[in-house]
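Chemist: Following this message is one structure expressed as structure tokens.
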Amino acid sequence: LNAVDAFFHDAMTGFIFSRGTADVSSSVWVYGVLVPGAVTAAFLATGPYASEGAGWRATLIVAESAAVSAAVVQGLKFTAARKRPFVRYGTGETSGVYDVNKPDSIFSLPSGHTALAASLGFATAMTASLQESPAAPWLWGGAALGIVTTASLRMMAEKHYFTDVAAGALIGAASGTIFPLLHRRGGALSTPLVSVGAQGPAFAVSGVF
């Protein structure tokens, strides 16, 4: 184990919250707060020059960024097969909080929660920035808060090392930046994902791959 991961493990495990509380809190924070918050913000935080259906397009771009990020994370988890901290340190059995025999116990790298928080935050803020939305600076601040809070809770829960959450944040941020840029006007995927007509929204999958 490298010195950086060892330092953050000792400093963060059980800090402020117990392992179990931090684990549950991280899931509630990401899936109960960040996901609906990002969807709502993407839909509403359109710029002053946004065309019809901009909210729907932004929402789908954010969802696309999160989906691609999740796929990359899962692929890396199976490739790396890194044991979670509570397995390596033996605290899963001694504390009785985690079951070390679950297959999930070897999927530490990268952190999926942190990647999701980063992809949602960056994609939402980036789409708002590209639309010149006045809410963009606030959304960038919210993205930073979401990532740091999620990463901290995952380390407090002893589910991830620092390099796990750092890798997750990098993957999520990259996905959340690249896909809004690809969908901007003139980008490789600039064909509208959603068109709103008299009969309601119509969805189509198109683009350059």
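Chain lettering (A, B, ...) mirrors the order of the structure tokens, residue numbering begins at 1 for each chain separately, and ligand numbering begins at 1 in order of display.
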So which residues touch stretch 111-126 of chain A within 6 Å, counting only C-alpha atoms, skipping near sequence neighbours fewer than 4 positions away, as a list in words?

Modeler: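 Counting only C-alpha atoms, the residues come to Ala42, Val62, Ala66, Ala136, Leu139, Trp140, Ala143, Ile147, Thr150, Ala151, Asp164, Val165, Gly168, Ala169, Gly172, Ala173, Ser175, Gly176 and Thr177 of chain A.
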
Chemist: Those selected residues, please, written with N, CA, C and O atoms and delivered as a PDB file, in the first residue's frame.

Modeler:
```pdb
ATOM      1  N   ALA A  42     -30.036  20.762 -14.597  1.00  0.00           N
ATOM      2  CA  ALA A  42     -29.794  20.695 -16.040  1.00  0.00           C
ATOM      3  C   ALA A  42     -31.026  21.143 -16.820  1.00  0.00           C
ATOM      4  O   ALA A  42     -30.917  21.826 -17.847  1.00  0.00           O
ATOM      5  N   VAL A  62     -26.480  15.160 -19.578  1.00  0.00           N
ATOM      6  CA  VAL A  62     -26.003  14.828 -18.234  1.00  0.00           C
ATOM      7  C   VAL A  62     -26.165  13.332 -17.972  1.00  0.00           C
ATOM      8  O   VAL A  62     -25.253  12.674 -17.439  1.00  0.00           O
ATOM      9  N   ALA A  66     -23.133  10.537 -17.310  1.00  0.00           N
ATOM     10  CA  ALA A  66     -23.118   9.659 -16.136  1.00  0.00           C
ATOM     11  C   ALA A  66     -23.089   8.194 -16.543  1.00  0.00           C
ATOM     12  O   ALA A  66     -22.394   7.379 -15.920  1.00  0.00           O
ATOM     13  N   ALA A 136     -24.336  29.069 -13.891  1.00  0.00           N
ATOM     14  CA  ALA A 136     -23.150  28.240 -14.098  1.00  0.00           C
ATOM     15  C   ALA A 136     -22.123  28.323 -12.959  1.00  0.00           C
ATOM     16  O   ALA A 136     -21.645  27.285 -12.490  1.00  0.00           O
ATOM     17  N   LEU A 139     -23.244  26.307 -10.104  1.00  0.00           N
ATOM     18  CA  LEU A 139     -23.232  24.873 -10.389  1.00  0.00           C
ATOM     19  C   LEU A 139     -21.821  24.296 -10.333  1.00  0.00           C
ATOM     20  O   LEU A 139     -21.633  23.150  -9.910  1.00  0.00           O
ATOM     21  N   TRP A 140     -20.813  25.082 -10.735  1.00  0.00           N
ATOM     22  CA  TRP A 140     -19.431  24.633 -10.599  1.00  0.00           C
ATOM     23  C   TRP A 140     -19.070  24.482  -9.123  1.00  0.00           C
ATOM     24  O   TRP A 140     -18.400  23.518  -8.728  1.00  0.00           O
ATOM     25  N   ALA A 143     -20.712  21.383  -7.918  1.00  0.00           N
ATOM     26  CA  ALA A 143     -19.999  20.192  -8.393  1.00  0.00           C
ATOM     27  C   ALA A 143     -18.815  19.876  -7.481  1.00  0.00           C
ATOM     28  O   ALA A 143     -18.590  18.717  -7.109  1.00  0.00           O
ATOM     29  N   ILE A 147     -18.420  16.465  -5.136  1.00  0.00           N
ATOM     30  CA  ILE A 147     -17.303  15.529  -5.296  1.00  0.00           C
ATOM     31  C   ILE A 147     -16.544  15.346  -3.987  1.00  0.00           C
ATOM     32  O   ILE A 147     -16.271  14.216  -3.564  1.00  0.00           O
ATOM     33  N   THR A 150     -18.671  13.474  -1.330  1.00  0.00           N
ATOM     34  CA  THR A 150     -18.806  12.052  -1.658  1.00  0.00           C
ATOM     35  C   THR A 150     -17.505  11.298  -1.405  1.00  0.00           C
ATOM     36  O   THR A 150     -17.504  10.227  -0.781  1.00  0.00           O
ATOM     37  N   ALA A 151     -16.398  11.841  -1.892  1.00  0.00           N
ATOM     38  CA  ALA A 151     -15.099  11.184  -1.709  1.00  0.00           C
ATOM     39  C   ALA A 151     -14.769  11.036  -0.230  1.00  0.00           C
ATOM     40  O   ALA A 151     -14.278   9.984   0.209  1.00  0.00           O
ATOM     41  N   ASP A 164      -8.535   5.612  -5.065  1.00  0.00           N
ATOM     42  CA  ASP A 164      -9.804   5.146  -5.623  1.00  0.00           C
ATOM     43  C   ASP A 164     -10.733   6.315  -5.922  1.00  0.00           C
ATOM     44  O   ASP A 164     -11.315   6.406  -7.005  1.00  0.00           O
ATOM     45  N   VAL A 165     -10.883   7.195  -4.924  1.00  0.00           N
ATOM     46  CA  VAL A 165     -11.796   8.325  -5.105  1.00  0.00           C
ATOM     47  C   VAL A 165     -11.216   9.340  -6.087  1.00  0.00           C
ATOM     48  O   VAL A 165     -11.954   9.987  -6.834  1.00  0.00           O
ATOM     49  N   GLY A 168     -11.915   7.929  -9.500  1.00  0.00           N
ATOM     50  CA  GLY A 168     -13.333   8.091  -9.794  1.00  0.00           C
ATOM     51  C   GLY A 168     -13.679   9.525 -10.168  1.00  0.00           C
ATOM     52  O   GLY A 168     -14.427   9.773 -11.117  1.00  0.00           O
ATOM     53  N   ALA A 169     -13.108  10.471  -9.421  1.00  0.00           N
ATOM     54  CA  ALA A 169     -13.352  11.884  -9.713  1.00  0.00           C
ATOM     55  C   ALA A 169     -12.818  12.264 -11.085  1.00  0.00           C
ATOM     56  O   ALA A 169     -13.458  13.021 -11.831  1.00  0.00           O
ATOM     57  N   GLY A 172     -15.147  10.687 -13.830  1.00  0.00           N
ATOM     58  CA  GLY A 172     -16.416  11.400 -13.876  1.00  0.00           C
ATOM     59  C   GLY A 172     -16.277  12.799 -14.437  1.00  0.00           C
ATOM     60  O   GLY A 172     -17.101  13.247 -15.238  1.00  0.00           O
ATOM     61  N   ALA A 173     -15.221  13.513 -14.029  1.00  0.00           N
ATOM     62  CA  ALA A 173     -15.003  14.874 -14.518  1.00  0.00           C
ATOM     63  C   ALA A 173     -14.718  14.880 -16.014  1.00  0.00           C
ATOM     64  O   ALA A 173     -15.197  15.757 -16.747  1.00  0.00           O
ATOM     65  N   SER A 175     -15.721  12.627 -18.268  1.00  0.00           N
ATOM     66  CA  SER A 175     -16.959  12.329 -18.974  1.00  0.00           C
ATOM     67  C   SER A 175     -17.906  13.522 -18.953  1.00  0.00           C
ATOM     68  O   SER A 175     -18.532  13.859 -19.962  1.00  0.00           O
ATOM     69  N   GLY A 176     -17.991  14.169 -17.783  1.00  0.00           N
ATOM     70  CA  GLY A 176     -18.874  15.321 -17.641  1.00  0.00           C
ATOM     71  C   GLY A 176     -18.423  16.540 -18.405  1.00  0.00           C
ATOM     72  O   GLY A 176     -19.214  17.460 -18.639  1.00  0.00           O
ATOM     73  N   THR A 177     -17.173  16.567 -18.814  1.00  0.00           N
ATOM     74  CA  THR A 177     -16.656  17.672 -19.619  1.00  0.00           C
ATOM     75  C   THR A 177     -16.748  17.361 -21.111  1.00  0.00           C
ATOM     76  O   THR A 177     -17.180  18.189 -21.914  1.00  0.00           O
TER      77      THR A 177
END
```

Chemist: Just asking: which residues within stretch 120-190 of chain A are alpha helix (DSSP H) according to DSSP, as a VMD selection string?

Modeler: chain A and resid 120 to 130 136 to 156 162 to 183

Chemist: Considering only C-alpha atoms, can you say which of A:Leu34, A:Ile61, A:Ala11, A:Ala6 comes closest to A:Phe179?

Modeler: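 Residue with the minimum atom-to-atom distance to A:Phe179: A:Ile61.
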
Chemist: Ranking A:Leu60, A:Ala38, A:Leu76, A:Val30 by minimum distance to A:Ile171 and counting only C-alpha atoms, which one comes first?

Modeler: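 For A:Ile171, the nearest of the given residues is A:Leu76.
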
Chemist: Determine the nearest neighbour of A:Gly20 from the options A:Leu182, A:Leu170, A:Val97, A:Ala135, counting only C-alpha atoms.

Modeler: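 Ranking A:Leu182, A:Leu170, A:Val97, A:Ala135 by distance to A:Gly20, first place goes to A:Val97.
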
Chemist: Taking only C-alpha atoms into account, name the residue in A:Ala58, A:Val24, A:Ala3, A:Leu109 that is nearest to A:Ala45.

Modeler: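 The closest residue to A:Ala45 is A:Ala58.
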
Chemist: Select from chain A everything DSSP, run on the backbone, classes as strand (DSSP E or B), then give the selection as a list in words.

Modeler: Val194, Ser195, Val196, Gly197, Gly200, Pro201, Ala202 and Phe203 of chain A

Chemist: Extract, using only C-alpha atoms, all DNA, RNA and protein residues at most 10 Å from A:Asp99, discarding same-chain residues fewer than 6 positions from it, and format them as a VMD selection string.

Modeler: chain A and resid 86 to 87 92 to 93 105

Chemist: Got a sec: who's within 9 Å of A:Leu130, counting only C-alpha atoms, leaving out chain neighbours fewer than 2 positions off, as a list of chain:residue names?

Modeler: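 Listing them by chain and then by number gives A:Gly47, A:Ala125, A:Met126, A:Thr127, A:Ala128, A:Glu132, A:Ser133, A:Ala136, A:Pro180, A:Leu181, A:Arg184.
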
Chemist: Write out, as a PDB file, in the first residue's frame, the residues just selected, with C-alpha atoms.

Modeler:
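Produced file part_3.pdb, reproduced below:
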```pdb
ATOM      1  CA  GLY A  47     -29.126  30.242 -20.738  1.00  0.00           C
ATOM      2  CA  ALA A 125     -22.126  22.869 -14.858  1.00  0.00           C
ATOM      3  CA  MET A 126     -20.615  22.477 -18.322  1.00  0.00           C
ATOM      4  CA  THR A 127     -23.975  22.467 -20.116  1.00  0.00           C
ATOM      5  CA  ALA A 128     -24.981  25.564 -18.160  1.00  0.00           C
ATOM      6  CA  GLU A 132     -24.192  31.076 -20.843  1.00  0.00           C
ATOM      7  CA  SER A 133     -26.512  30.437 -17.929  1.00  0.00           C
ATOM      8  CA  ALA A 136     -23.150  28.240 -14.098  1.00  0.00           C
ATOM      9  CA  PRO A 180     -21.333  18.449 -23.259  1.00  0.00           C
ATOM     10  CA  LEU A 181     -18.533  19.712 -25.507  1.00  0.00           C
ATOM     11  CA  ARG A 184     -22.329  21.826 -28.320  1.00  0.00           C
TER      12      ARG A 184
END
```

Chemist: Calculated over only C-alpha atoms, which of the candidates A:Ser69, A:Thr79, A:Thr163, A:Thr46 has the smallest distance to A:Ser129?

Modeler: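 Smallest separation from A:Ser129 among the options: A:Thr46.
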
Chemist: Of the candidates A:Val100, A:Ala50, A:Val73, A:Ala22, which one gets nearest to A:Thr149 if we count only C-alpha atoms?

Modeler: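 Ranking A:Val100, A:Ala50, A:Val73, A:Ala22 by distance to A:Thr149, first place goes to A:Ala22.
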
Chemist: Take atom CA of A:Lys159 and atom CA of A:Thr13 and report the distance between them in Å, one decimal.

Modeler: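 So the two atoms, atom CA of A:Lys159 and atom CA of A:Thr13, lie 9.1 Å apart.
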
Chemist: What is the distance between atom CA of A:Leu145 and atom CA of A:His9, in Å to one decimal?

Modeler: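 Going from atom CA of A:Leu145 over to atom CA of A:His9, I get 20.7 Å.
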
Chemist: Rounded to one decimal, what separation in Å do you get between atom CA of A:Met156 and atom CA of A:Gly14?

Modeler: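 That distance, rounded to one decimal, is 5.0 Å.
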
Chemist: Excluding same-chain residues fewer than 4 positions from A:Phe162, what lies within 8 Å of it counting only C-alpha atoms, as a list in words?

Modeler: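 What passes the distance filter is Val4, Asp5, Phe8, His9, Met155 and Ala166 of chain A.
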
Chemist: Once you have the residues from the selection above, write them out as an mmCIF file, in the first residue's frame, restricted to C-alpha atoms.

Modeler:
```cif
data_model
loop_
_atom_site.group_PDB
_atom_site.id
_atom_site.type_symbol
_atom_site.label_atom_id
_atom_site.label_comp_id
_atom_site.auth_asym_id
_atom_site.auth_seq_id
_atom_site.Cartn_x
_atom_site.Cartn_y
_atom_site.Cartn_z
ATOM 1 C CA VAL A 4 -0.654 8.410 0.413
ATOM 2 C CA ASP A 5 -3.407 5.798 0.640
ATOM 3 C CA PHE A 8 -5.678 9.008 4.198
ATOM 4 C CA HIS A 9 -6.965 5.643 5.382
ATOM 5 C CA MET A 155 -13.073 7.098 2.734
ATOM 6 C CA ALA A 166 -9.247 10.388 -7.058
#
```
